[in-house]
Amino acid sequence: MSETPNPRLCLCGCGATVNREFLPGHDAKLKGALINAALAGEALDASKAVKAAGQQAAATLAARGWTAHLDKSRVSRGAKAARAAARSKAATPGGTTEAPEQGAQAEPPATD
Ligand SMILES: [Zn+2]
């Protein structure tokens with residue numbers, strides 16, 4: 001049996017005609033765009049439309065098995081945002097707990 005070529009547009013939106021879903025490497029472009037949209041939709045100040053688009057993007061990421069990439073980006077961006085927030089504000093709610101700098105008493109070495 002012969003496969004009939006089924007040219008269509010690259011799903012990343014670049015406008016290239018492809019026989020499969022993407023030009024080589026363009027799945028990464030779409031992935032990045034979906035991650036951006038999903039994370040934008042998670043912002044507290046996101047509009048309804050942005051949130052809806054974010055949910056759709058997250059669903060697409062999940063359908064393609066890219067949720068791990070979304071989670072990874074969320075963590076790294078969250079860390080970046082937390083650092084920025086820590087700079088402007090002293091305290092970040094639900095963020096880092098203060099590490100004890102000193103006060104932990106050193107135990108005397110056991111003698112034989
Ligand atoms: Zn493309």
# chains A, B, ... in the order shown; residues from 1 in each chain; ligands from 1

call {"tool": "residues_around", "arguments": {"residues": "stretch 11-15 of chain A", "least_positions_apart": "2", "cutoff": "7 Å", "atoms": "only C-alpha atoms", "output": "list in words"}}
result
Leu9, Thr17, Glu21, Phe22, His26, Asp27, Lys29 and Leu30 of chain A

call {"tool": "select_by_dssp", "arguments": {"residues": "stretch 5-61 of chain A", "states": "strand (DSSP E)", "output": "count of residues only"}}
result
4

call {"tool": "select_by_dssp", "arguments": {"residues": "stretch 6-81 of chain A", "states": "alpha helix (DSSP H)", "output": "MDAnalysis selection string"}}
result
chainID A and resid 26:42 48:63 67:81

call {"tool": "write_last_selection", "arguments": {"atoms": "C-alpha atoms", "output": "PDB file, in the first residue's frame"}}
result
ATOM      1  CA  HIS A  26       9.498  23.095  14.766  1.00  0.00           C
ATOM      2  CA  ASP A  27       7.787  20.946  17.361  1.00  0.00           C
ATOM      3  CA  ALA A  28      10.055  22.736  19.816  1.00  0.00           C
ATOM      4  CA  LYS A  29       8.789  26.082  18.555  1.00  0.00           C
ATOM      5  CA  LEU A  30       5.201  25.043  19.118  1.00  0.00           C
ATOM      6  CA  LYS A  31       6.112  23.567  22.477  1.00  0.00           C
ATOM      7  CA  GLY A  32       7.654  26.833  23.571  1.00  0.00           C
ATOM      8  CA  ALA A  33       4.644  28.809  22.415  1.00  0.00           C
ATOM      9  CA  LEU A  34       2.248  26.461  24.203  1.00  0.00           C
ATOM     10  CA  ILE A  35       4.294  26.648  27.386  1.00  0.00           C
ATOM     11  CA  ASN A  36       4.282  30.439  27.218  1.00  0.00           C
ATOM     12  CA  ALA A  37       0.523  30.464  26.742  1.00  0.00           C
ATOM     13  CA  ALA A  38      -0.083  27.950  29.507  1.00  0.00           C
ATOM     14  CA  LEU A  39       2.084  29.817  31.997  1.00  0.00           C
ATOM     15  CA  ALA A  40       0.540  33.147  31.019  1.00  0.00           C
ATOM     16  CA  GLY A  41      -2.860  31.622  31.743  1.00  0.00           C
ATOM     17  CA  GLU A  42      -1.703  30.653  35.213  1.00  0.00           C
ATOM     18  CA  LYS A  48     -10.346  35.387  31.163  1.00  0.00           C
ATOM     19  CA  ALA A  49      -9.264  34.996  27.545  1.00  0.00           C
ATOM     20  CA  VAL A  50      -5.638  34.455  28.512  1.00  0.00           C
ATOM     21  CA  LYS A  51      -6.673  31.887  31.094  1.00  0.00           C
ATOM     22  CA  ALA A  52      -8.845  30.056  28.563  1.00  0.00           C
ATOM     23  CA  ALA A  53      -6.022  30.071  26.030  1.00  0.00           C
ATOM     24  CA  GLY A  54      -3.669  28.825  28.718  1.00  0.00           C
ATOM     25  CA  GLN A  55      -5.943  25.937  29.586  1.00  0.00           C
ATOM     26  CA  GLN A  56      -6.201  25.008  25.927  1.00  0.00           C
ATOM     27  CA  ALA A  57      -2.443  25.187  25.561  1.00  0.00           C
ATOM     28  CA  ALA A  58      -1.979  23.023  28.644  1.00  0.00           C
ATOM     29  CA  ALA A  59      -4.411  20.493  27.238  1.00  0.00           C
ATOM     30  CA  THR A  60      -2.506  20.418  23.960  1.00  0.00           C
ATOM     31  CA  LEU A  61       0.753  19.981  25.837  1.00  0.00           C
ATOM     32  CA  ALA A  62      -0.772  17.091  27.769  1.00  0.00           C
ATOM     33  CA  ALA A  63      -2.154  15.510  24.603  1.00  0.00           C
ATOM     34  CA  THR A  67       3.440  18.188  30.305  1.00  0.00           C
ATOM     35  CA  ALA A  68       6.857  17.447  31.755  1.00  0.00           C
ATOM     36  CA  HIS A  69       8.296  20.319  29.714  1.00  0.00           C
ATOM     37  CA  LEU A  70       5.572  22.601  31.005  1.00  0.00           C
ATOM     38  CA  ASP A  71       6.284  21.594  34.591  1.00  0.00           C
ATOM     39  CA  LYS A  72       9.984  22.150  34.079  1.00  0.00           C
ATOM     40  CA  SER A  73       9.417  25.620  32.659  1.00  0.00           C
ATOM     41  CA  ARG A  74       6.986  26.447  35.426  1.00  0.00           C
ATOM     42  CA  VAL A  75       9.548  25.545  38.065  1.00  0.00           C
ATOM     43  CA  SER A  76      12.355  27.513  36.465  1.00  0.00           C
ATOM     44  CA  ARG A  77      10.162  30.523  35.790  1.00  0.00           C
ATOM     45  CA  GLY A  78       8.657  30.282  39.250  1.00  0.00           C
ATOM     46  CA  ALA A  79      12.112  30.359  40.748  1.00  0.00           C
ATOM     47  CA  LYS A  80      12.954  33.383  38.660  1.00  0.00           C
ATOM     48  CA  ALA A  81       9.747  35.131  39.657  1.00  0.00           C
TER      49      ALA A  81
END

call {"tool": "closest_residue", "arguments": {"among": "A:Ser88, A:Ser47, A:Asn19, A:Asn6", "to": "ligand 1", "atoms": "only C-alpha atoms and all ligand atoms"}}
result
A:Asn19

call {"tool": "closest_residue", "arguments": {"among": "A:Asp45, A:Arg20, A:Arg83, A:Pro109", "to": "ligand 1", "atoms": "only C-alpha atoms and all ligand atoms"}}
result
A:Arg20

call {"tool": "closest_residue", "arguments": {"among": "A:Val18, A:Arg8, A:Leu23, A:Arg87", "to": "ligand 1", "atoms": "only C-alpha atoms and all ligand atoms"}}
result
A:Leu23

call {"tool": "closest_residue", "arguments": {"among": "A:Pro7, A:Ala84, A:Gly65, A:Pro24", "to": "ligand 1", "atoms": "only C-alpha atoms and all ligand atoms"}}
result
A:Pro24

call {"tool": "closest_residue", "arguments": {"among": "A:Ala110, A:Ala43, A:Ala16, A:Ala82", "to": "ligand 1", "atoms": "only C-alpha atoms and all ligand atoms"}}
result
A:Ala16
